[in-house]
Amino acid sequence: MLILGIETSCDETAAAVVRDGRDILSNVILSQAAHVRFGGVVPEVASREHVKTIIPVLDQALSEADVTLEDIGLVAATMGPGLIGPLLVGLTFAKGLAYARGIPFVPVNHLEGHFAANVLEHHDLDRHHLSLIVSGGHTLLVEVVEFGNYHILGRTKDDAAGEAFDKVAKLLDLGYPGGAELDRLAQSGNPRYVRFPRAVRHEDYQFSYSGLKTAVALHLKKLSPEELEKHRADIAASFQEAAVEVLVEKTTKAASQKGIRDVTISGGVAANSRLRQMMAKQLGQHNRRLFYPSPSLCTDNAAMIAAAGFYRFVKDGPGELIANAIPYLTLD
Ligand code: KG4
Ligand code: ZN
């Protein structure tokens, strides 16, 4: 079965065609440039950009997959969590398309989409696994009993991991969103230059990033412009080390305590080179396996939505066309 995925929960307009939740025939992602001058996503601007580009993006996804709408057996679109206006554009568009063409429709939880990116790519991943979802809006540690059955072990109490990367990147004048740029800069820095605080309460799986972000801001205030210029990469690396260490420590501990062999990371921050490296090392030492998606499937995309939509469809059948956008949709 060919699944058409549509994703518009934030500032990426995306459409993809995936076969049977396994093979990606096309995965078109248009990152809206309109927000750059504002230094962050402006929801109303995002909605308007989605309206302008959703049809060309769909056309490109169909053409790259070398298929037409006649070939599509299922339409899947993100219903939440995300920004209400942007969500409504993609969801309404997808429902209209499904209704007009008589194609079954499935609304998709964006978070389920993120971890489905691993199921899509790694076919030997255990059904029961531990999943760390780290994106611009979320930091969640989840025990996936099976697809659709989740125990949330921990989440962030304040900023999401990606949000912390973006805020620190902004402090370092790296532009927006600066997570990937910070990762690049940190590669030439000394991670032991400053020991920023690790918000680790050993007894639970909760995360917190606002203290770390403030610590970086306070440290920067103490530096002269010359010192800042000289140590920009060191500060990026020191921040990244603190941000990543907590994620790795809690995930490794949860995998051991719960006796779970396979661990996945997903979401934009799963593209982080230090997170991948440190997590692989720690889990390897505990005889655990780590899986992460290709970089293009870490940040928001529609192939992961198509895949999650397919797994939902197999489990529960088609969804309802009355499904509405839910900005604060949770996994459980
Ligand atoms: O999953 P995503 O595209 O959007 C949300 O659902 O939020 O994640 C975007 C986030 C941004 O905060 C971005 O800065 C961060 O992922 N990000 C990274 C890297 N690449 C993207 N953070 C750290 N290192 C990276 N290499
Ligand atoms: Zn996302």
# chains A, B, ... in the order shown; residues from 1 in each chain; ligands from 1
call {"tool": "closest_atom_pairs", "arguments": {"of": "chain A", "to": "ligand 2", "cutoff": "12 Å", "atoms": "only C-alpha atoms and all ligand atoms", "output": "JSON lines"}}
result
{"residue": "A:Glu7", "atom": "CA", "partner": "ligand 2", "partner_atom_place_in_ligand_line": "1 (Zn)", "distance": 9.5}
{"residue": "A:Thr8", "atom": "CA", "partner": "ligand 2", "partner_atom_place_in_ligand_line": "1 (Zn)", "distance": 9.9}
{"residue": "A:Ser9", "atom": "CA", "partner": "ligand 2", "partner_atom_place_in_ligand_line": "1 (Zn)", "distance": 7.7}
{"residue": "A:Cys10", "atom": "CA", "partner": "ligand 2", "partner_atom_place_in_ligand_line": "1 (Zn)", "distance": 8.0}
{"residue": "A:Asp11", "atom": "CA", "partner": "ligand 2", "partner_atom_place_in_ligand_line": "1 (Zn)", "distance": 10.0}
{"residue": "A:Glu12", "atom": "CA", "partner": "ligand 2", "partner_atom_place_in_ligand_line": "1 (Zn)", "distance": 9.5}
{"residue": "A:Ala14", "atom": "CA", "partner": "ligand 2", "partner_atom_place_in_ligand_line": "1 (Zn)", "distance": 11.7}
{"residue": "A:Thr78", "atom": "CA", "partner": "ligand 2", "partner_atom_place_in_ligand_line": "1 (Zn)", "distance": 10.3}
{"residue": "A:Gly80", "atom": "CA", "partner": "ligand 2", "partner_atom_place_in_ligand_line": "1 (Zn)", "distance": 10.0}
{"residue": "A:Pro81", "atom": "CA", "partner": "ligand 2", "partner_atom_place_in_ligand_line": "1 (Zn)", "distance": 8.8}
{"residue": "A:Gly82", "atom": "CA", "partner": "ligand 2", "partner_atom_place_in_ligand_line": "1 (Zn)", "distance": 8.4}
{"residue": "A:Leu83", "atom": "CA", "partner": "ligand 2", "partner_atom_place_in_ligand_line": "1 (Zn)", "distance": 11.3}
{"residue": "A:Asn109", "atom": "CA", "partner": "ligand 2", "partner_atom_place_in_ligand_line": "1 (Zn)", "distance": 10.2}
{"residue": "A:His110", "atom": "CA", "partner": "ligand 2", "partner_atom_place_in_ligand_line": "1 (Zn)", "distance": 6.4}
{"residue": "A:Leu111", "atom": "CA", "partner": "ligand 2", "partner_atom_place_in_ligand_line": "1 (Zn)", "distance": 6.9}
{"residue": "A:Glu112", "atom": "CA", "partner": "ligand 2", "partner_atom_place_in_ligand_line": "1 (Zn)", "distance": 9.8}
{"residue": "A:Gly113", "atom": "CA", "partner": "ligand 2", "partner_atom_place_in_ligand_line": "1 (Zn)", "distance": 8.2}
{"residue": "A:His114", "atom": "CA", "partner": "ligand 2", "partner_atom_place_in_ligand_line": "1 (Zn)", "distance": 6.5}
{"residue": "A:Phe115", "atom": "CA", "partner": "ligand 2", "partner_atom_place_in_ligand_line": "1 (Zn)", "distance": 10.0}
{"residue": "A:Ala116", "atom": "CA", "partner": "ligand 2", "partner_atom_place_in_ligand_line": "1 (Zn)", "distance": 11.7}
{"residue": "A:Ala117", "atom": "CA", "partner": "ligand 2", "partner_atom_place_in_ligand_line": "1 (Zn)", "distance": 11.0}
{"residue": "A:Ile133", "atom": "CA", "partner": "ligand 2", "partner_atom_place_in_ligand_line": "1 (Zn)", "distance": 8.9}
{"residue": "A:Val134", "atom": "CA", "partner": "ligand 2", "partner_atom_place_in_ligand_line": "1 (Zn)", "distance": 8.5}
{"residue": "A:Ser135", "atom": "CA", "partner": "ligand 2", "partner_atom_place_in_ligand_line": "1 (Zn)", "distance": 5.7}
{"residue": "A:Gly136", "atom": "CA", "partner": "ligand 2", "partner_atom_place_in_ligand_line": "1 (Zn)", "distance": 6.9}
{"residue": "A:Gly137", "atom": "CA", "partner": "ligand 2", "partner_atom_place_in_ligand_line": "1 (Zn)", "distance": 7.1}
{"residue": "A:His138", "atom": "CA", "partner": "ligand 2", "partner_atom_place_in_ligand_line": "1 (Zn)", "distance": 7.9}
{"residue": "A:Thr139", "atom": "CA", "partner": "ligand 2", "partner_atom_place_in_ligand_line": "1 (Zn)", "distance": 10.6}
{"residue": "A:Leu140", "atom": "CA", "partner": "ligand 2", "partner_atom_place_in_ligand_line": "1 (Zn)", "distance": 12.0}
{"residue": "A:Ala160", "atom": "CA", "partner": "ligand 2", "partner_atom_place_in_ligand_line": "1 (Zn)", "distance": 11.4}
{"residue": "A:Gly162", "atom": "CA", "partner": "ligand 2", "partner_atom_place_in_ligand_line": "1 (Zn)", "distance": 10.0}
{"residue": "A:Glu163", "atom": "CA", "partner": "ligand 2", "partner_atom_place_in_ligand_line": "1 (Zn)", "distance": 11.8}
{"residue": "A:Ser266", "atom": "CA", "partner": "ligand 2", "partner_atom_place_in_ligand_line": "1 (Zn)", "distance": 8.9}
{"residue": "A:Gly267", "atom": "CA", "partner": "ligand 2", "partner_atom_place_in_ligand_line": "1 (Zn)", "distance": 5.7}
{"residue": "A:Gly268", "atom": "CA", "partner": "ligand 2", "partner_atom_place_in_ligand_line": "1 (Zn)", "distance": 6.7}
{"residue": "A:Val269", "atom": "CA", "partner": "ligand 2", "partner_atom_place_in_ligand_line": "1 (Zn)", "distance": 9.7}
{"residue": "A:Ala270", "atom": "CA", "partner": "ligand 2", "partner_atom_place_in_ligand_line": "1 (Zn)", "distance": 10.9}
{"residue": "A:Ser296", "atom": "CA", "partner": "ligand 2", "partner_atom_place_in_ligand_line": "1 (Zn)", "distance": 11.8}
{"residue": "A:Leu297", "atom": "CA", "partner": "ligand 2", "partner_atom_place_in_ligand_line": "1 (Zn)", "distance": 9.9}
{"residue": "A:Cys298", "atom": "CA", "partner": "ligand 2", "partner_atom_place_in_ligand_line": "1 (Zn)", "distance": 8.0}
{"residue": "A:Thr299", "atom": "CA", "partner": "ligand 2", "partner_atom_place_in_ligand_line": "1 (Zn)", "distance": 6.1}
{"residue": "A:Asp300", "atom": "CA", "partner": "ligand 2", "partner_atom_place_in_ligand_line": "1 (Zn)", "distance": 4.7}
{"residue": "A:Asn301", "atom": "CA", "partner": "ligand 2", "partner_atom_place_in_ligand_line": "1 (Zn)", "distance": 7.9}
{"residue": "A:Ala302", "atom": "CA", "partner": "ligand 2", "partner_atom_place_in_ligand_line": "1 (Zn)", "distance": 10.2}
{"residue": "A:Met304", "atom": "CA", "partner": "ligand 2", "partner_atom_place_in_ligand_line": "1 (Zn)", "distance": 9.9}
{"residue": "A:Ile305", "atom": "CA", "partner": "ligand 2", "partner_atom_place_in_ligand_line": "1 (Zn)", "distance": 10.3}
call {"tool": "select_by_dssp", "arguments": {"residues": "region 25-249 of chain A", "states": "alpha helix (DSSP H)", "output": "PyMOL selection string"}}
result
chain A and resi 43-65+84-101+110-121+161-171+179-186+210-221+225-249
call {"tool": "residues_around", "arguments": {"residues": "Glu70 (chain A)", "least_positions_apart": "2", "cutoff": "12 Å", "atoms": "only C-alpha atoms", "output": "PyMOL selection string"}}
result
chain A and resi 1-4+62+66-68+72-75+97-98+100-103
call {"tool": "atom_distance", "arguments": {"atom1": "CA of Leu30 (chain A)", "atom2": "CA of Thr330 (chain A)"}}
result
25.5 Å
call {"tool": "residues_around", "arguments": {"residues": "region 144-152 of chain A", "least_positions_apart": "6", "cutoff": "9 Å", "atoms": "only C-alpha atoms", "output": "list in words"}}
result
Glu112, Ala116, Asp126, Arg127, His128, His129, Leu130, Ser131, Tyr311, Arg312, Lys315, Leu331 and Asp332 of chain A
call {"tool": "write_last_selection", "arguments": {"atoms": "N, CA, C and O atoms", "output": "PDB file, in the first residue's frame"}}
result
ATOM      1  N   GLU A 112       4.526  10.238  17.865  1.00  0.00           N
ATOM      2  CA  GLU A 112       4.541   8.859  17.387  1.00  0.00           C
ATOM      3  C   GLU A 112       5.290   8.810  16.047  1.00  0.00           C
ATOM      4  O   GLU A 112       6.030   7.866  15.763  1.00  0.00           O
ATOM      5  N   ALA A 116       8.526   6.626  15.098  1.00  0.00           N
ATOM      6  CA  ALA A 116       8.272   5.705  13.980  1.00  0.00           C
ATOM      7  C   ALA A 116       9.360   5.811  12.914  1.00  0.00           C
ATOM      8  O   ALA A 116       9.559   4.881  12.128  1.00  0.00           O
ATOM      9  N   ASP A 126      13.642  -4.179  18.210  1.00  0.00           N
ATOM     10  CA  ASP A 126      12.655  -4.902  19.024  1.00  0.00           C
ATOM     11  C   ASP A 126      11.376  -4.084  19.132  1.00  0.00           C
ATOM     12  O   ASP A 126      11.426  -2.869  19.329  1.00  0.00           O
ATOM     13  N   ARG A 127      10.243  -4.777  19.067  1.00  0.00           N
ATOM     14  CA  ARG A 127       8.949  -4.103  19.216  1.00  0.00           C
ATOM     15  C   ARG A 127       8.892  -3.377  20.562  1.00  0.00           C
ATOM     16  O   ARG A 127       8.448  -2.249  20.661  1.00  0.00           O
ATOM     17  N   HIS A 128       9.363  -4.051  21.621  1.00  0.00           N
ATOM     18  CA  HIS A 128       9.434  -3.447  22.952  1.00  0.00           C
ATOM     19  C   HIS A 128      10.793  -2.752  23.070  1.00  0.00           C
ATOM     20  O   HIS A 128      11.824  -3.408  23.064  1.00  0.00           O
ATOM     21  N   HIS A 129      10.772  -1.420  23.118  1.00  0.00           N
ATOM     22  CA  HIS A 129      12.051  -0.711  23.213  1.00  0.00           C
ATOM     23  C   HIS A 129      11.891   0.578  24.007  1.00  0.00           C
ATOM     24  O   HIS A 129      10.782   0.948  24.400  1.00  0.00           O
ATOM     25  N   LEU A 130      13.020   1.213  24.241  1.00  0.00           N
ATOM     26  CA  LEU A 130      13.021   2.483  24.975  1.00  0.00           C
ATOM     27  C   LEU A 130      13.268   3.583  23.949  1.00  0.00           C
ATOM     28  O   LEU A 130      14.139   3.447  23.091  1.00  0.00           O
ATOM     29  N   SER A 131      12.486   4.670  24.049  1.00  0.00           N
ATOM     30  CA  SER A 131      12.592   5.707  23.029  1.00  0.00           C
ATOM     31  C   SER A 131      12.804   7.077  23.664  1.00  0.00           C
ATOM     32  O   SER A 131      12.016   7.507  24.499  1.00  0.00           O
ATOM     33  N   TYR A 311       1.197   2.259  10.445  1.00  0.00           N
ATOM     34  CA  TYR A 311       1.162   1.346  11.609  1.00  0.00           C
ATOM     35  C   TYR A 311      -0.163   1.513  12.358  1.00  0.00           C
ATOM     36  O   TYR A 311      -0.736   0.549  12.853  1.00  0.00           O
ATOM     37  N   ARG A 312      -0.644   2.737  12.484  1.00  0.00           N
ATOM     38  CA  ARG A 312      -1.953   3.012  13.118  1.00  0.00           C
ATOM     39  C   ARG A 312      -3.082   2.329  12.340  1.00  0.00           C
ATOM     40  O   ARG A 312      -3.984   1.729  12.906  1.00  0.00           O
ATOM     41  N   LYS A 315      -3.232  -1.279  12.850  1.00  0.00           N
ATOM     42  CA  LYS A 315      -3.687  -1.595  14.203  1.00  0.00           C
ATOM     43  C   LYS A 315      -5.183  -1.299  14.395  1.00  0.00           C
ATOM     44  O   LYS A 315      -5.932  -2.129  14.902  1.00  0.00           O
ATOM     45  N   LEU A 331       1.383  11.655  24.125  1.00  0.00           N
ATOM     46  CA  LEU A 331       1.541  10.285  23.623  1.00  0.00           C
ATOM     47  C   LEU A 331       0.646   9.307  24.362  1.00  0.00           C
ATOM     48  O   LEU A 331       0.221   8.309  23.809  1.00  0.00           O
ATOM     49  N   ASP A 332       0.397   9.598  25.633  1.00  0.00           N
ATOM     50  CA  ASP A 332      -0.422   8.657  26.417  1.00  0.00           C
ATOM     51  C   ASP A 332      -1.856   9.156  26.508  1.00  0.00           C
ATOM     52  O   ASP A 332      -2.652   8.705  27.222  1.00  0.00           O
TER      53      ASP A 332
END
call {"tool": "select_by_dssp", "arguments": {"residues": "region 117-286 of chain A", "states": "strand (DSSP E or B)", "output": "list in words"}}
result
His129, Leu130, Ser131, Leu132, Ile133, Val134, Thr139, Leu140, Leu141, Val142, Glu143, Val144, Val145, Glu146, Asn149, Tyr150, His151, Ile152, Leu153, Gly154, Arg155, Thr156, Phe207, Asp262, Val263, Thr264, Ile265 and Ser266 of chain A
call {"tool": "write_last_selection", "arguments": {"atoms": "N, CA and C atoms", "output": "short mmCIF file (atom, residue, chain, number, x, y, z; two decimals), in the first residue's frame"}}
result
data_model
loop_
_atom_site.label_atom_id
_atom_site.label_comp_id
_atom_site.auth_asym_id
_atom_site.auth_seq_id
_atom_site.Cartn_x
_atom_site.Cartn_y
_atom_site.Cartn_z
N HIS A 129 10.77 -1.42 23.12
CA HIS A 129 12.05 -0.71 23.21
C HIS A 129 11.89 0.58 24.01
N LEU A 130 13.02 1.21 24.24
CA LEU A 130 13.02 2.48 24.98
C LEU A 130 13.27 3.58 23.95
N SER A 131 12.49 4.67 24.05
CA SER A 131 12.59 5.71 23.03
C SER A 131 12.80 7.08 23.66
N LEU A 132 13.87 7.74 23.26
CA LEU A 132 14.12 9.11 23.72
C LEU A 132 13.77 10.04 22.56
N ILE A 133 12.75 10.88 22.77
CA ILE A 133 12.34 11.83 21.73
C ILE A 133 12.84 13.21 22.14
N VAL A 134 13.75 13.75 21.37
CA VAL A 134 14.34 15.06 21.71
C VAL A 134 14.24 16.00 20.52
N THR A 139 10.97 16.76 25.04
CA THR A 139 12.04 15.92 25.59
C THR A 139 11.30 14.84 26.37
N LEU A 140 11.23 13.66 25.81
CA LEU A 140 10.40 12.60 26.38
C LEU A 140 11.17 11.29 26.40
N LEU A 141 11.13 10.60 27.54
CA LEU A 141 11.70 9.26 27.61
C LEU A 141 10.53 8.30 27.76
N VAL A 142 10.39 7.40 26.79
CA VAL A 142 9.18 6.58 26.69
C VAL A 142 9.54 5.11 26.60
N GLU A 143 8.85 4.29 27.38
CA GLU A 143 8.94 2.84 27.18
C GLU A 143 7.85 2.47 26.17
N VAL A 144 8.29 1.99 25.01
CA VAL A 144 7.34 1.57 23.99
C VAL A 144 7.12 0.07 24.20
N VAL A 145 5.96 -0.30 24.73
CA VAL A 145 5.67 -1.72 24.97
C VAL A 145 5.42 -2.39 23.62
N GLU A 146 4.64 -1.72 22.81
CA GLU A 146 4.48 -2.05 21.39
C GLU A 146 3.91 -0.80 20.75
N ASN A 149 1.27 1.49 22.53
CA ASN A 149 1.21 1.24 23.98
C ASN A 149 2.46 1.83 24.63
N TYR A 150 2.27 2.97 25.28
CA TYR A 150 3.43 3.73 25.78
C TYR A 150 3.36 4.00 27.27
N HIS A 151 4.52 3.92 27.94
CA HIS A 151 4.64 4.40 29.31
C HIS A 151 5.62 5.55 29.29
N ILE A 152 5.14 6.72 29.65
CA ILE A 152 6.06 7.88 29.69
C ILE A 152 6.84 7.80 30.99
N LEU A 153 8.16 7.69 30.87
CA LEU A 153 8.99 7.59 32.08
C LEU A 153 9.41 8.98 32.56
N GLY A 154 9.66 9.88 31.63
CA GLY A 154 10.10 11.22 32.03
C GLY A 154 9.92 12.21 30.91
N ARG A 155 9.88 13.47 31.30
CA ARG A 155 9.79 14.55 30.31
C ARG A 155 10.49 15.76 30.88
N THR A 156 10.57 16.83 30.08
CA THR A 156 11.22 18.03 30.60
C THR A 156 10.24 18.83 31.46
N PHE A 207 13.69 15.78 33.15
CA PHE A 207 14.77 16.62 32.60
C PHE A 207 14.46 18.09 32.87
N ASP A 262 16.83 -2.67 23.38
CA ASP A 262 16.96 -1.72 22.26
C ASP A 262 16.52 -0.31 22.65
N VAL A 263 17.32 0.65 22.23
CA VAL A 263 17.03 2.05 22.55
C VAL A 263 17.04 2.86 21.26
N THR A 264 16.05 3.74 21.09
CA THR A 264 16.05 4.63 19.93
C THR A 264 16.12 6.08 20.39
N ILE A 265 16.75 6.91 19.59
CA ILE A 265 16.63 8.35 19.79
C ILE A 265 16.02 8.92 18.52
N SER A 266 15.18 9.94 18.67
CA SER A 266 14.55 10.55 17.50
C SER A 266 14.24 12.00 17.78
#
call {"tool": "closest_residue", "arguments": {"among": "A:Gln282, A:Ser256, A:Ser238, A:Asn27", "to": "Ser188 (chain A)", "atoms": "only C-alpha atoms"}}
result
A:Ser238
call {"tool": "residues_around", "arguments": {"residues": "Ala186 (chain A)", "least_positions_apart": "5", "cutoff": "8 Å", "atoms": "only C-alpha atoms", "output": "ChimeraX atom specification"}}
result
/A:191,233-238,240
call {"tool": "residues_around", "arguments": {"residues": "Ser273 (chain A)", "least_positions_apart": "6", "cutoff": "9 Å", "atoms": "only C-alpha atoms", "output": "list in words"}}
result
Asp183, Arg184 and Gln187 of chain A
call {"tool": "atom_distance", "arguments": {"atom1": "CA of Ala77 (chain A)", "atom2": "CA of Gln32 (chain A)"}}
result
18.6 Å
call {"tool": "atom_distance", "arguments": {"atom1": "CA of Ile55 (chain A)", "atom2": "CA of Ile84 (chain A)"}}
result
19.5 Å
call {"tool": "closest_residue", "arguments": {"among": "A:Gly5, A:Gly284, A:Pro327, A:Pro177", "to": "ligand 1", "atoms": "only C-alpha atoms and all ligand atoms"}}
result
A:Pro177
call {"tool": "closest_residue", "arguments": {"among": "A:Arg19, A:Arg232, A:Arg276, A:Lys52", "to": "Leu174 (chain A)", "atoms": "only C-alpha atoms"}}
result
A:Arg232
